[in-house]
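Text of query_3.txt, listed as compact mmCIF, C-alpha atoms:
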# COMPACT_ATOMS: atom_id res chain seq x y z
CA MET A 1 -42.66 -52.36 100.50
CA ARG A 2 -44.95 -49.31 100.19
CA PHE A 3 -42.42 -47.25 102.24
CA ILE A 4 -39.53 -48.14 99.97
CA ILE A 5 -41.41 -47.09 96.84
CA ILE A 6 -42.61 -43.80 98.37
CA TYR A 7 -39.08 -43.03 99.64
CA SER A 8 -37.53 -43.78 96.30
CA LEU A 9 -40.04 -41.56 94.50
CA THR A 10 -39.50 -38.75 97.02
CA PHE A 11 -35.71 -39.02 96.60
CA CYS A 12 -36.01 -38.85 92.80
CA LEU A 13 -38.17 -35.73 92.99
CA LEU A 14 -35.70 -34.08 95.34
CA LEU A 15 -32.82 -35.01 93.02
CA LEU A 16 -34.58 -33.55 89.97
CA SER A 17 -35.32 -30.38 91.91
CA CYS A 18 -31.64 -30.02 92.83
CA LYS A 19 -30.56 -30.60 89.21
CA SER A 20 -33.02 -27.93 88.06
CA GLU A 21 -31.62 -25.45 90.56
CA GLU A 22 -28.05 -26.27 89.44
CA ARG A 23 -28.93 -25.52 85.80
CA LYS A 24 -30.28 -22.11 86.70
CA GLN A 25 -27.00 -21.05 88.32
CA PRO A 26 -24.56 -19.10 86.01
CA ILE A 27 -21.44 -20.92 84.73
CA ASP A 28 -18.20 -19.58 86.19
CA TYR A 29 -15.67 -19.42 83.24
CA PRO A 30 -11.96 -19.16 83.99
CA THR A 31 -10.29 -15.79 83.40
CA ILE A 32 -7.55 -15.70 80.69
CA ASP A 33 -5.46 -12.56 80.17
CA ILE A 34 -3.24 -12.15 77.07
CA PHE A 35 -0.07 -10.06 77.24
CA LEU A 36 2.24 -8.84 74.42
CA GLU A 37 5.87 -7.83 74.45
CA SER A 38 4.98 -5.01 72.02
CA LYS A 39 1.95 -3.83 70.09
CA ARG A 40 4.16 -3.31 66.99
CA VAL A 41 6.49 -5.99 65.64
CA VAL A 42 8.70 -6.04 62.52
CA ALA A 43 7.94 -8.68 59.86
CA GLY A 44 10.29 -11.63 60.04
CA HIS A 45 10.66 -11.42 63.83
CA GLU A 46 9.40 -13.83 66.47
CA LEU A 47 6.09 -12.99 68.18
CA LEU A 48 5.69 -13.80 71.90
CA PHE A 49 2.25 -13.89 73.53
CA ARG A 50 1.70 -14.70 77.23
CA PHE A 51 -1.60 -16.30 78.26
CA ARG A 52 -2.30 -16.03 82.02
CA SER A 53 -5.00 -18.51 83.02
CA GLN A 54 -6.73 -18.99 86.39
CA ALA A 55 -7.34 -22.66 85.68
CA TYR A 56 -6.35 -25.66 83.64
CA ILE A 57 -8.26 -25.59 80.31
CA GLU A 58 -8.09 -27.29 76.92
CA GLY A 59 -8.74 -25.41 73.66
CA GLN A 60 -7.12 -23.77 70.67
CA VAL A 61 -4.97 -20.70 70.05
CA VAL A 62 -5.95 -18.89 66.84
CA PHE A 63 -3.56 -16.45 65.15
CA GLU A 64 -4.96 -14.50 62.15
CA GLY A 65 -3.36 -12.09 59.68
CA VAL A 66 -3.69 -10.90 56.08
CA TRP A 67 -2.01 -14.16 55.01
CA GLY A 68 -4.71 -16.36 56.61
CA GLN A 69 -5.25 -18.23 59.87
CA LEU A 70 -3.08 -20.46 62.07
CA VAL A 71 -4.90 -22.76 64.55
CA GLN A 72 -2.93 -24.61 67.24
CA ASP A 73 -4.31 -27.04 69.85
CA LYS A 74 -3.23 -25.90 73.30
CA ILE A 75 -3.71 -26.90 76.93
CA LEU A 76 -3.41 -23.91 79.21
CA GLN A 77 -2.00 -24.63 82.61
CA LYS A 78 -2.93 -22.51 85.57
CA GLY A 79 -0.61 -19.54 85.56
CA ASP A 80 1.50 -18.17 82.65
CA ASN A 81 1.63 -19.92 79.30
CA ASP A 82 3.90 -18.60 76.51
CA ILE A 83 2.85 -18.88 72.86
CA ILE A 84 5.52 -18.21 70.21
CA ILE A 85 4.72 -17.41 66.55
CA SER A 86 7.63 -18.36 64.28
CA PRO A 87 9.39 -15.67 62.18
CA ALA A 88 8.63 -17.81 59.10
CA ILE A 89 4.92 -17.18 59.66
CA ASN A 90 5.22 -13.52 60.61
CA THR A 91 6.17 -12.19 57.15
CA LYS A 92 3.17 -10.10 56.01
CA THR A 93 2.46 -6.56 57.19
CA GLY A 94 -0.83 -5.31 58.54
CA LEU A 95 -2.96 -6.00 61.60
CA ALA A 96 -2.80 -9.49 63.12
CA SER A 97 -4.81 -10.87 66.05
CA ILE A 98 -4.67 -13.76 68.52
CA TYR A 99 -7.27 -15.33 70.81
CA PHE A 100 -8.03 -18.52 72.74
CA THR A 101 -11.15 -20.59 72.17
CA SER A 102 -12.64 -23.76 73.63
CA ASP A 103 -15.93 -25.64 73.38
CA THR A 104 -17.59 -23.32 75.89
CA PHE A 105 -16.08 -19.86 75.49
CA ARG A 106 -13.67 -17.60 73.59
CA THR A 107 -11.45 -14.75 74.75
CA GLU A 108 -11.39 -11.27 73.24
CA ARG A 109 -8.97 -10.70 70.37
CA VAL A 110 -5.67 -9.02 71.05
CA TYR A 111 -4.22 -7.10 68.11
CA VAL A 112 -0.62 -6.51 67.02
CA GLU A 113 0.63 -4.40 64.09
CA ILE A 114 3.18 -6.07 61.79
CA LEU A 115 5.59 -3.51 60.32
CA PRO A 116 7.73 -3.82 57.14
CA GLY A 117 11.08 -5.53 57.51
CA PRO A 118 14.42 -4.43 56.07
CA SER A 119 14.28 -3.08 52.51
CA ALA A 120 14.95 -5.41 49.61
CA SER A 121 18.23 -4.83 47.80
CA ALA A 122 16.42 -4.69 44.41
CA ILE A 123 12.96 -3.16 44.14
CA PRO A 124 10.49 -3.45 41.24
CA ILE A 125 9.93 -0.47 38.93
CA TYR A 126 7.59 0.11 36.00
CA THR A 127 8.22 2.52 33.14
CA GLY A 128 5.92 3.80 30.44
CA PRO A 129 5.78 4.83 27.77
CA LYS A 130 9.35 3.90 26.90
CA SER A 131 9.39 6.15 23.85
CA ILE A 132 7.99 9.70 23.82
CA TRP A 133 7.76 12.38 21.15
CA ILE A 134 10.33 15.15 21.33
CA ASP A 135 9.93 18.83 22.18
CA GLY A 136 7.95 18.28 25.37
CA ILE A 137 4.93 16.91 23.54
CA GLN A 138 4.78 13.76 25.65
CA ARG A 139 5.90 12.68 29.10
CA SER A 140 6.91 9.40 30.66
CA MET A 141 6.72 8.09 34.21
CA ILE A 142 8.81 5.69 36.25
CA ALA A 143 6.96 4.14 39.18
CA ALA A 144 9.18 2.68 41.92
CA ILE A 145 7.70 0.36 44.54
CA PRO A 146 9.91 0.26 47.66
CA ILE A 147 9.47 -3.15 49.30
CA ASP A 148 11.03 -5.16 52.11
CA THR A 149 12.67 -8.56 51.78
CA PHE A 150 9.25 -10.25 52.10
CA GLY A 151 7.62 -8.21 49.33
CA ASN A 152 5.72 -5.86 51.66
CA ALA A 153 5.54 -2.19 50.76
CA LEU A 154 7.82 -0.05 52.88
CA ALA A 155 6.36 2.66 55.09
CA GLU A 156 4.57 5.62 53.51
CA GLN A 157 6.82 8.59 52.66
CA THR A 158 9.83 6.36 51.95
CA LYS A 159 12.27 8.56 50.03
CA VAL A 160 13.35 7.38 46.56
CA ARG A 161 16.13 9.03 44.55
CA PHE A 162 15.89 9.35 40.74
CA ASN A 163 19.06 10.21 38.80
CA SER A 164 18.54 10.91 35.09
CA ARG A 165 20.65 12.13 32.19
CA THR A 166 20.92 12.06 28.42
CA ILE A 167 24.08 11.39 26.46
CA ASN A 168 24.97 15.08 26.20
CA SER A 169 23.54 16.45 29.46
CA LYS A 170 24.47 16.64 33.11
CA THR A 171 22.94 14.30 35.67
CA LEU A 172 19.64 15.53 37.09
CA ARG A 173 18.64 14.42 40.58
CA ALA A 174 15.11 14.30 41.97
CA PHE A 175 13.58 12.88 45.15
CA GLU A 176 10.09 11.46 45.46
CA LYS A 177 8.32 9.96 48.47
CA SER A 178 6.17 6.87 48.30
CA LYS A 179 2.43 7.24 48.66
CA HIS A 180 0.04 4.30 48.55
CA MET A 181 3.08 2.05 47.98
CA ILE A 182 4.34 3.92 44.86
CA ALA A 183 6.98 6.61 44.34
CA PRO A 184 6.34 8.13 40.87
CA TYR A 185 8.79 10.23 38.85
CA THR A 186 7.44 12.07 35.79
CA PHE A 187 9.46 13.91 33.13
CA TYR A 188 8.90 15.43 29.67
CA SER A 189 10.74 14.77 26.43
CA ASP A 190 13.74 16.79 25.28
CA LYS A 191 13.88 19.09 22.25
CA LYS A 192 16.21 16.65 20.52
CA ALA A 193 16.04 12.92 19.94
CA ASN A 194 17.87 11.40 22.91
CA ASP A 195 17.83 8.45 25.25
CA TYR A 196 17.11 9.18 28.92
CA LEU A 197 18.98 6.96 31.33
CA VAL A 198 17.30 6.84 34.75
CA GLY A 199 18.74 5.25 37.88
CA VAL A 200 16.57 4.53 40.93
CA SER A 201 17.91 4.06 44.46
CA GLY A 202 17.19 4.73 48.11
CA ASP A 203 18.25 3.84 51.63
CA GLY A 204 19.49 0.29 51.18
CA PHE A 205 17.86 -0.46 47.82
CA GLN A 206 18.37 0.03 44.09
CA ALA A 207 16.56 -0.85 40.85
CA MET A 208 17.53 -1.72 37.29
CA GLU A 209 18.48 1.24 35.09
CA GLN A 210 15.68 2.40 32.83
CA THR A 211 15.92 3.85 29.32
CA VAL A 212 13.29 6.15 27.82
CA SER A 213 13.76 7.30 24.21
CA SER A 214 12.80 10.76 23.08
CA VAL A 215 11.88 10.18 19.41
CA PRO A 216 11.06 12.45 16.45
CA PHE A 217 7.46 13.49 16.06
CA LEU A 218 6.04 14.54 12.68
CA PRO A 219 7.95 14.16 9.40
CA ARG A 220 8.98 17.35 7.68
CA THR A 221 8.89 15.73 4.25
CA LEU A 222 8.39 12.25 2.83
CA LEU A 223 10.02 11.85 -0.57
CA LEU A 224 10.12 8.67 -2.64
CA ASP A 225 12.79 7.84 -5.25
CA LEU A 226 12.89 5.18 -7.98
CA VAL A 227 16.03 3.02 -7.73
CA GLN A 228 15.44 0.36 -10.41
CA HIS A 229 12.76 -0.06 -13.04
CA ILE A 230 12.71 -2.53 -15.94
CA PRO A 231 9.65 -1.33 -17.86
CA TYR A 232 8.34 -4.70 -19.01
CA ALA A 233 5.64 -7.04 -17.73
CA ASP A 234 8.18 -9.65 -16.73
CA ASP A 235 7.57 -11.09 -13.25
CA ARG A 236 11.16 -12.35 -13.11
CA GLN A 237 12.27 -8.74 -12.62
CA PHE A 238 11.87 -6.36 -9.67
CA THR A 239 11.12 -2.69 -9.26
CA SER A 240 13.04 -1.05 -6.41
CA LEU A 241 12.15 2.15 -4.57
CA ARG A 242 13.34 3.90 -1.42
CA THR A 243 12.56 6.99 0.56
CA ARG A 244 15.01 9.78 1.15
CA PRO A 245 16.11 10.11 4.80
CA ILE A 246 12.95 10.99 6.72
CA ARG A 247 13.38 13.80 9.25
CA ASP A 248 11.07 15.54 11.66
CA ARG A 249 10.54 19.27 11.91
CA ALA A 250 13.58 19.60 14.18
CA GLY A 251 15.84 17.84 11.70
CA ASN A 252 16.06 14.54 13.61
CA VAL A 253 16.16 11.36 11.57
CA LEU A 254 13.24 9.06 12.39
CA PRO A 255 14.34 6.16 14.61
CA ASP A 256 15.18 2.77 13.14
CA GLY A 257 12.17 0.52 12.88
CA THR A 258 9.64 3.22 11.94
CA LEU A 259 6.98 1.54 9.80
CA ILE A 260 6.56 2.84 6.23
CA GLU A 261 3.87 1.45 3.91
CA PHE A 262 4.05 1.44 0.11
CA TYR A 263 0.76 1.48 -1.83
CA ILE A 264 0.43 0.28 -5.44
CA HIS A 265 -2.48 1.62 -7.48
CA SER A 266 -3.61 0.76 -11.01
CA ASP A 267 -6.73 1.42 -13.02
CA LYS A 268 -8.30 -1.34 -10.88
CA GLY A 269 -7.70 0.59 -7.64
CA THR A 270 -5.28 -0.31 -4.84
CA ILE A 271 -3.91 -3.70 -5.84
CA SER A 272 -1.21 -4.23 -3.19
CA LYS A 273 0.47 -2.84 -0.07
CA TYR A 274 4.05 -3.50 1.07
CA LYS A 275 5.56 -2.76 4.48
CA SER A 276 9.11 -1.71 5.30
CA PHE A 277 11.00 -0.36 8.32
CA THR A 278 13.42 2.52 8.34
CA ILE A 279 17.16 2.14 8.83
CA ASP A 280 18.95 5.46 9.29
CA GLY A 281 15.69 7.13 8.29
CA VAL A 282 15.42 5.31 4.95
CA ALA A 283 12.79 2.70 4.00
CA SER A 284 13.31 0.50 0.94
CA VAL A 285 11.11 -1.91 -0.97
CA SER A 286 11.51 -4.31 -3.93
CA ILE A 287 8.36 -5.25 -5.81
CA LYS A 288 8.05 -8.00 -8.38
CA ASN A 289 7.11 -6.72 -11.82
CA PRO A 290 3.58 -7.49 -13.03
CA SER A 291 3.11 -10.30 -15.53
CA TYR A 292 0.79 -8.21 -17.71
CA GLU A 293 0.93 -4.84 -19.43
CA THR A 294 -0.20 -2.12 -17.04
CA VAL A 295 0.53 1.23 -15.41
CA TRP A 296 1.32 1.47 -11.70
CA GLU A 297 1.26 4.46 -9.37
CA ILE A 298 3.30 3.94 -6.18
CA LYS A 299 3.52 6.13 -3.07
CA ALA A 300 4.81 5.74 0.50
CA SER A 301 2.91 6.49 3.70
CA LEU A 302 3.74 7.04 7.36
CA ALA A 303 1.02 6.15 9.89
CA ALA A 304 -1.57 6.39 7.08
CA SER A 305 -1.45 10.16 7.59
CA TYR A 306 1.64 11.41 5.75
CA PHE A 307 2.09 10.53 2.07
CA SER A 308 4.99 10.87 -0.32
CA ASN A 309 5.06 11.97 -3.90
CA THR A 310 3.57 9.50 -6.41
CA ILE A 311 5.79 7.68 -8.90
CA LYS A 312 4.11 6.52 -12.13
CA LEU A 313 5.54 3.41 -13.80
CA PHE A 314 4.72 1.85 -17.19
CA TYR A 315 5.11 -1.86 -17.89
CA GLY A 316 5.04 -2.88 -21.55
CA LYS A 317 4.85 -6.29 -23.17
CA ALA A 318 7.69 -8.55 -22.08
CA ILE A 319 7.49 -10.81 -25.17
CA LYS A 320 7.89 -9.30 -28.60
CA ASP A 321 5.79 -11.84 -30.46
CA LEU A 322 3.83 -15.00 -29.72
CA ARG A 323 5.00 -17.64 -32.19
CA TYR A 324 3.69 -21.16 -32.52
CA SER A 325 3.61 -24.20 -34.79
CA PHE A 326 1.25 -27.17 -34.97
CA ASP A 327 1.90 -30.68 -36.31
CA SER A 328 -1.49 -31.92 -37.48
CA SER A 329 -0.36 -35.56 -37.70
CA SER A 330 1.03 -35.86 -34.17
CA LYS A 331 -1.29 -33.19 -32.78
CA ILE A 332 1.65 -31.48 -31.05
CA LEU A 333 1.49 -27.74 -30.50
CA THR A 334 4.81 -25.93 -30.05
CA VAL A 335 4.71 -22.43 -28.61
CA GLY A 336 7.90 -20.49 -29.36
CA PRO A 337 10.63 -19.76 -29.67
CA LEU A 338 9.58 -16.88 -27.45
CA ILE A 339 11.75 -13.76 -27.68
CA SER A 340 11.83 -11.27 -24.81
CA TYR A 341 12.25 -7.48 -24.87
CA LEU A 342 16.07 -7.60 -25.16
CA GLY A 343 15.98 -10.00 -28.12
CA GLN A 344 16.98 -13.07 -26.09
CA LEU A 345 15.06 -16.28 -25.49
CA VAL A 346 12.85 -16.19 -22.45
CA SER A 347 14.26 -17.99 -19.44
CA ASN A 348 13.47 -21.65 -18.83
CA GLU A 349 10.24 -22.40 -16.98
CA THR A 350 8.45 -19.33 -18.30
CA GLN A 351 4.85 -20.46 -17.91
CA VAL A 352 2.70 -20.92 -21.02
CA TYR A 353 -1.03 -21.74 -20.84
CA CYS A 354 -3.24 -23.52 -23.36
CA ASN A 355 -6.95 -23.13 -22.71
CA GLY A 356 -9.81 -24.98 -24.41
CA SER A 357 -13.00 -26.99 -23.81
CA PHE A 358 -10.81 -29.61 -22.12
CA GLY A 359 -9.67 -27.11 -19.50
CA THR A 360 -6.33 -25.36 -19.04
CA LEU A 361 -2.95 -26.96 -19.68
CA GLN A 362 0.27 -25.45 -18.35
CA GLU A 363 3.85 -26.03 -19.43
CA GLY A 364 7.16 -24.35 -18.67
CA THR A 365 9.51 -23.32 -21.46
CA GLU A 366 12.80 -24.98 -22.26
CA LYS A 367 15.14 -23.14 -24.62
CA GLY A 368 12.33 -20.72 -25.31
CA LYS A 369 9.71 -23.33 -26.27
CA ALA A 370 6.72 -24.99 -24.58
CA ILE A 371 5.24 -28.20 -26.03
CA PHE A 372 1.64 -29.41 -25.67
CA GLU A 373 0.46 -32.90 -26.77
CA LEU A 374 -3.20 -32.49 -27.77
CA LYS A 375 -4.06 -35.78 -29.53
CA ASP A 376 -6.29 -36.93 -26.66
CA TYR A 377 -8.56 -33.90 -27.14
CA PHE A 378 -9.47 -34.43 -30.81
CA ARG A 379 -12.66 -36.41 -31.62
CA ASP A 380 -13.66 -38.00 -34.98
CA GLY A 381 -11.51 -35.69 -37.05
CA GLU A 382 -13.13 -32.55 -35.69
CA GLY A 383 -11.02 -29.54 -34.85
CA ILE A 384 -10.70 -27.80 -31.49
CA ASN A 385 -10.60 -24.16 -30.44
CA ILE A 386 -7.81 -23.10 -28.09
CA LYS A 387 -6.29 -19.96 -26.61
CA ILE A 388 -2.54 -19.60 -25.97
CA MET A 389 -1.52 -17.27 -23.14
CA VAL A 390 1.97 -16.10 -22.14
CA GLY A 391 2.11 -13.16 -19.78
CA ASP A 392 -0.19 -10.56 -21.29
CA HIS A 393 0.04 -12.09 -24.78
CA GLU A 394 -2.98 -14.07 -26.00
CA LYS A 395 -3.76 -15.79 -29.31
CA GLU A 396 -6.86 -17.77 -30.30
CA LEU A 397 -6.50 -20.67 -32.72
CA ARG A 398 -8.55 -23.40 -34.35
CA LEU A 399 -6.59 -26.59 -34.82
CA LYS A 400 -7.47 -29.58 -37.03

In structure tokens, write the structure found in this file.
Amino acid sequence: MRFIIIYSLTFCLLLLSCKSEERKQPIDYPTIDIFLESKRVVAGHELLFRFRSQAYIEGQVVFEGVWGQLVQDKILQKGDNDIIISPAINTKTGLASIYFTSDTFRTERVYVEILPGPSASAIPIYTGPKSIWIDGIQRSMIAAIPIDTFGNALAEQTKVRFNSRTINSKTLRAFEKSKHMIAPYTFYSDKKANDYLVGVSGDGFQAMEQTVSSVPFLPRTLLLDLVQHIPYADDRQFTSLRTRPIRDRAGNVLPDGTLIEFYIHSDKGTISKYKSFTIDGVASVSIKNPSYETVWEIKASLAASYFSNTIKLFYGKAIKDLRYSFDSSSKILTVGPLISYLGQLVSNETQVYCNGSFGTLQEGTEKGKAIFELKDYFRDGEGINIKIMVGDHEKELRLK
């Protein structure tokens, strides 16, 4: 019994000693070589990698590019193992890499350069500004971005052709080469107001035609004319004004849609501002007459920097006289008949106001008259003080 125990203990010590010696020995990893058909491959093409392994091993193949990472479980057999990357995955240019990894080791990366594919038939372009001042004061630029069918920029120094012309000029041709993805074409405005038409094309690609307008710069003069003026404080009427055709120093009419502002001043300061846009160089405005007697001064402005002549307008009383009658028994106040500046009755629904301690009452005229029933505002036979207002006419009364 003692011999068996001693032998067993001795055997265990020997076994532990052997295990310890085994752990100290270096691990012998299998050798895996990776081969490529080519170090440079066009986007959209199949990628073939060959893994040559000295032993059977389980792990993962990792393919990485600018688009992200693809991980595929793979068992490598001893000998050659082909790994194919689908054309649907190989669509982005730049450096890509592939390697094999397992729980115990990883191979070195092998790199491949992905080149642009065939050019897209239509490439993106950006233009700005799309309107420039004439006479070479401003310039515009068209930036073309040559790309392949996957949206990758084509190779540096890709040649882009720019054909440009105005309505009355010959076609001008220029070539630019792409740099940092962009092929820029810059040009200055003409001496006259014209539209530039620019076509962009290259080897196998085109872009949408671009239009850049060469527009007038500073106005030579800004003159304002009075078209219609009824000189009474009648807000049913309108005052109409318009500019003469606005031209720049070269004689070009300002383009349609140029913003013109009309300022109205009175003894109270600037009381209103109207906006209009030019058509054939002319801006027009119609302004409702004031409802009170006043004097207006109106002028036009371009870009708050160029101002027209000032037109001074007088608005007199629209109603000749403020008539009224009061029935003391029924307590009904009749305002009118109201006669306007041409001797006719004022139009229906002309607003008349009656103001007193009870507040403000409002009635519209019918056949020149406005009627107010005031019996609810009298107390114990006492009278009331009121004010009648029509336009800029006012009259104070005491009624009993």

Mind checking which residues fall within 7 Å of Arg220 in chain A, counting only C-alpha atoms, ignoring those fewer than 4 positions away in the same chain, and posting them as a list of chain:residue names?
->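 Within the cut-off, the hits are A:Arg247, A:Asp248, A:Arg249.
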
Separating CA of Val295 in chain A from CA of Phe314 in chain A, to the nearest tenth of an Å, is a gap of 4.6 Å

All residues 8 Å or closer to Gln60 in chain A, all atoms listed in the file, same chain fewer than 3 positions away omitted, as an MDAnalysis selection string = chainID A and resid 71:75 100:102

Could the residues in this selection be written to a file with C-alpha atoms, as a PDB file, in the coordinates of the input?
ATOM      1  CA  VAL A  71      -4.900 -22.760  64.550  1.00  0.00           C
ATOM      2  CA  GLN A  72      -2.930 -24.610  67.240  1.00  0.00           C
ATOM      3  CA  ASP A  73      -4.310 -27.040  69.850  1.00  0.00           C
ATOM      4  CA  LYS A  74      -3.230 -25.900  73.300  1.00  0.00           C
ATOM      5  CA  ILE A  75      -3.710 -26.900  76.930  1.00  0.00           C
ATOM      6  CA  PHE A 100      -8.030 -18.520  72.740  1.00  0.00           C
ATOM      7  CA  THR A 101     -11.150 -20.590  72.170  1.00  0.00           C
ATOM      8  CA  SER A 102     -12.640 -23.760  73.630  1.00  0.00           C
TER       9      SER A 102
END

Please define a box with edges along x, y and z of the file around all atoms of range 359-365 of chain A given in the file, extend it by 5 Å on each side, and return its centre and edge lengths in Å to one decimal, as lines of an AutoDock Vina configuration file.
center_x = -0.1
center_y = -25.2
center_z = -19.9
size_x = 29.2
size_y = 13.8
size_z = 13.1

Which of A:Glu394, A:Asp321, A:Asp33, A:Asp256 sits closest to Leu76 in chain A [using only C-alpha atoms] | A:Asp33

Best match for closeness to Ser140 in chain A among A:Tyr353, A:Tyr126, A:Phe175, A:Tyr274, counting all atoms listed in the file = A:Tyr126

Please measure the separation of CA of Phe372 in chain A and CA of Phe326 in chain A, giving the value in Å to one decimal.
->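 CA of Phe372 in chain A sits 9.6 Å away from CA of Phe326 in chain A.
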
Residue neighbourhood range 90-97 of chain A, 7 Å, all atoms listed in the file, exclusion window fewer than 4 positions, as JSON, numbers by chain | {"A": [43, 44, 45, 63, 64, 65, 66, 67, 86, 109, 110, 111, 112, 113, 114, 115, 116, 150, 152]}

Dump range 338-352 of chain A with C-alpha atoms to a file, as an mmCIF file, in the first residue's frame.
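For reference, selection34.cif as written:
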data_model
loop_
_atom_site.group_PDB
_atom_site.id
_atom_site.type_symbol
_atom_site.label_atom_id
_atom_site.label_comp_id
_atom_site.auth_asym_id
_atom_site.auth_seq_id
_atom_site.Cartn_x
_atom_site.Cartn_y
_atom_site.Cartn_z
ATOM 1 C CA LEU A 338 -72.984 113.426 -46.542
ATOM 2 C CA ILE A 339 -71.812 115.099 -49.760
ATOM 3 C CA SER A 340 -68.391 114.285 -51.202
ATOM 4 C CA TYR A 341 -65.964 116.504 -53.127
ATOM 5 C CA LEU A 342 -67.730 116.033 -56.498
ATOM 6 C CA GLY A 343 -71.142 116.974 -55.072
ATOM 7 C CA GLN A 344 -72.449 113.393 -54.953
ATOM 8 C CA LEU A 345 -73.560 111.338 -51.976
ATOM 9 C CA VAL A 346 -70.793 109.354 -50.372
ATOM 10 C CA SER A 347 -70.784 105.676 -51.269
ATOM 11 C CA ASN A 348 -72.648 103.171 -49.128
ATOM 12 C CA GLU A 349 -70.779 101.795 -46.122
ATOM 13 C CA THR A 350 -68.738 104.945 -45.605
ATOM 14 C CA GLN A 351 -67.858 104.557 -41.931
ATOM 15 C CA VAL A 352 -69.199 107.094 -39.430
#
